[in-house]
2 protein chains.
Amino acid sequence: MSFSVGQVARLAGVTVRTLHHYDEIGLLSPGERTRAGYRRYTEADLVRLQQVLLYRELGFPLEEIAVILDEPRADEMTHLRRQHELLTRRAERLREVIAAVERALEARLMSVALTPEERFEVFGDFRPEDHEAEVERRWGGDGRYTESRRRVAAYTRADWLEIKAEAGAISEELAAAFEAGLAPDGERVMDVAERHRGHISRWFYDCSHEVHRGLGELYVSDPRFTAVFDALAAGLAAYFRLAVDANAARHGVPRQEADPGGGQAGRV
Amino acid sequence: MSFSVGQVARLAGVTVRTLHHYDEIGLLSPGERTRAGYRRYTEADLVRLQQVLLYRELGFPLEEIAVILDEPRADEMTHLRRQHELLTRRAERLREVIAAVERALEARLMSVALTPEERFEVFGDFRPEDHEAEVERRWGGDGRYTESRRRVAAYTRADWLEIKAEAGAISEELAAAFEAGLAPDGERVMDVAERHRGHISRWFYDCSHEVHRGLGELYVSDPRFTAVFDALAAGLAAYFRLAVDANAARHGVPRQEADPGGGQAGRV
DNA sequence: GTTGAGCCTCACGTCACGTGAGGGTGCAGG
DNA sequence: CCTGCACCCTCACGTGACGTGAGGCTCAAC
């Protein structure tokens with residue numbers, strides 16, 4: 001059983017040209033050729049191609065991939081294990097980037113200024129990311145981006161007014177409960193927290209209870225956020241955090257240690 | 001407060017040349033220049049740079065990024081929301097790739113042949129990944145790769161013998177328990193399951209209880225894996241799955257719906 | 001026996017920078 | 001004052017991983 005370039009290309013989601021290129025540079029030459037000169041890829045070639053694509057996805061230059069794959073003392077298992085570890089790190093890094101975007105969003109929402117350092121925290125450091133252009137370039141072509149764009153469309157001014165109003169209403173309700181001396185884990189107060197979570201999810205991004213809890217932490221740990229809350233009532237930020245906490249617990253989300261991102265004070 | 005190219009480059013984790021390039025193509029021109037012609041980046045420039053880097057990380061070509069960022073009706077919030085959604089999708093996709101690697105590892109371990117379709121399942125389809133080269137190229141340079149390589153080093157033949165022996169011992173213990181008629185959620189049988197999990201974690205990859213449960217599913221849903229177990233004793237695969245399940249529950253990992261990846265029968 | 005999909009080999013184009021070359025700028029130390 | 005030295009500038013060519021035709025062969029199907 002062997003495969004033509006076209007078949008392999010479709011299978012692996014790459015172009016024929018890419019396979020030609022890999023053949024040219026000796027990274028992946030088909031096991032056989034027909035008398036007419038047609039490339040014929042064997043099953044072993046497919047295994048190698050899978051390895052190539054995984055390492056490529058991890059950002060390795062093709063030349064280095066060739067070296068790695070030709071090490072005689074490393075078999076498929078070894079590569080898979082290595083790839084698993086590297087991919088796992090990338091996943092972690094991606095989660096950090098997402099968290100950074102969430103923080104940036106929150107900062108904008110609360111009109112809090114980020115320091116330059118905070119802004120690039122996630123980039124400046126290690127960043128095991130970057131290559132992935134080829135297929136992503138299709139975002140524009142296959143409508144994936146446009147789809148996302150429709151769903152996350154630019155809000156109208158009316159939308160913004162509504163968002164502001166909704167956020168304001170929630171804050172005031174919270175402040176009222178606080179000043180009325182209601183316990184933060186009381187049902188009504190937890191309901192307010194839940195409405196806040198819904199507010200974020202509806203207008204901004206899918207906000208799980210975990211993420212919501214992270215927001216609560218942020219509000220007390222970063223003085224710039226705390227200030228926004230405490231402008232309404234002194235101690236409101238801490239109160240809010242307790243309410244979010246209780247609300248998450250009520251919905252069966254256990255308390256757990258997450259990223260201990262320190263809240264260093266920055267200039268406002 | 002303004003910044004020189006070098007400062008910005010260090011902050012954002014890019015090279016000076018990159019900033020020059022962005023200036024050349026008009027993607028990000030510094031707000032000011034000194035009389036000597038030195039670039040001076042303002043705070044607003046940093047905000048834009050952050051956007052550029054996030055979109056770049058998502059694989060957008062620079063030209064398109066310029067278009068997106070110059071849409072007048074889209075502000076920073078809108079971009080952050082968009083980026084959040086796209087990043088979230090990428091994270092999902094990455095998890096799928098990781099899962100695919102885990103399945104491939106398992107297939108090798110059990111000497112099960114994958115069909116070409118399975119091998120490229122995760123590539124052929126959509127793949128919102130690919131660009132990330134620049135920094136990853138440093139893997140070779142800064143020892144990140146070499147470090148990983150040491151930790152996930154190629155096993156010696158002796159290691160492989162040990163792995164095989166360990167796996168064999170576990171299988172046989174399981175088969176013995178099965179034939180002795182022990183309940184799969186009995187303590188001794190769960191201990192065997194836990195030892196299996198430890199075996200995977202030690203030699204291959206960090207195997208959480210969730211992942212372990214996924215393996216259990218795989219063993220009963222894919223006839224090729226089932227066959228390997230049932231060669232020892234008819235029904236052993238199902239028995240193993242129950243044991244893994246019970247073991248996970250014992251460790252406080254609740255049963256939950258994960259990826260419903262179907263186990264389509266393929267030629268062996 | 002011709003048609004159309006698929007394959008081949010050049011060979012130049014492109015994108016996002018890397019990598020010097022050759023030279024100005026600006027501030028600390030002698 | 002001038003001398004380093006780190007930093008900045010503008011060309012301008014190089015590179016990696018392919019894209020994109022051009023021009024022509026192959027082969028199963030009608």
# chains A, B, ... in the order shown; residues from 1 in each chain; ligands from 1
>>> interface_residues(of="chain A", to="chain C", cutoff="9 Å", atoms="only C-alpha atoms (C1' of nucleotides)", output="PyMOL selection string")
chain A and resi 5-6+36-39
>>> residues_around(residues="stretch 117-124 of chain B", least_positions_apart="2", cutoff="9 Å", atoms="only C-alpha atoms (C1' of nucleotides)", output="list of chain:residue names")
A:Ala9, A:Arg10, A:Leu11, A:Ala12, A:Gly13, A:Val14, A:Leu46, A:Val47, A:Gln50, A:Leu53, B:Arg93, B:Glu96, B:Val97, B:Ala100, B:Ala104, B:Leu114, B:Thr115, B:Phe126, B:Arg127
>>> interface_residues(of="chain A", to="chain D", cutoff="9 Å", atoms="only C-alpha atoms (C1' of nucleotides)", output="compact mmCIF listing (two decimals) with C-alpha atoms, in the first residue's frame")
# COMPACT_ATOMS: atom_id res chain seq x y z
CA ARG A 17 4.45 21.85 -2.92
CA THR A 18 5.31 21.33 0.71
CA HIS A 21 10.00 20.93 -0.72
CA ALA A 36 7.43 7.61 -14.73
CA PRO A 61 13.29 24.65 11.71
CA LEU A 62 13.17 21.93 9.08
CA GLU A 134 0.71 28.79 6.71
>>> atom_distance(atom1="atom CA of B:Arg197", atom2="atom CA of A:Glu210")
27.2 Å
>>> residues_around(residues="stretch 25-29 of chain B", least_positions_apart="5", cutoff="10 Å", atoms="only C-alpha atoms (C1' of nucleotides)", output="PyMOL selection string")
chain B and resi 19-20+39-41+45-46+48-49+52+62-67+69-70
>>> closest_residue(among="A:Thr88, A:Ser208, A:Ser4, A:Ser171", to="chain B", atoms="only C-alpha atoms")
A:Thr88
>>> select_by_dssp(residues="stretch 39-240 of chain B", states="helix (DSSP H, G or I)", output="PyMOL selection string")
chain B and resi 43-57+62-70+76-109+116-124+136-142+144-151+157-179+187-203+209-221+223-230+236-240
>>> select_by_dssp(residues="stretch 13-210 of chain B", states="strand (DSSP E or B)", output="ChimeraX atom specification")
/B:32-33,39-41,131-132
>>> residues_around(residues="A:Val244", least_positions_apart="4", cutoff="8 Å", atoms="only C-alpha atoms (C1' of nucleotides)", output="PyMOL selection string")
chain A and resi 190+193-194+212-213+216+240+248
>>> closest_residue(among="A:Val16, A:Leu242, A:Ala158, A:Leu215", to="A:Phe178", atoms="only C-alpha atoms")
A:Leu242
>>> closest_residue(among="B:Glu85, B:Ala113, B:Arg250, B:Glu32", to="A:Asp206", atoms="only C-alpha atoms")
B:Glu85
>>> closest_residue(among="A:Ala180, A:Ile200, A:Ala234, A:Ala165", to="chain B", atoms="only C-alpha atoms")
A:Ile200
>>> closest_residue(among="B:Tyr55, B:Phe204, B:Phe3, B:Trp160", to="chain A", atoms="only C-alpha atoms")
B:Phe204
>>> atom_distance(atom1="atom CA of A:Val112", atom2="atom CA of B:Ile68")
24.3 Å
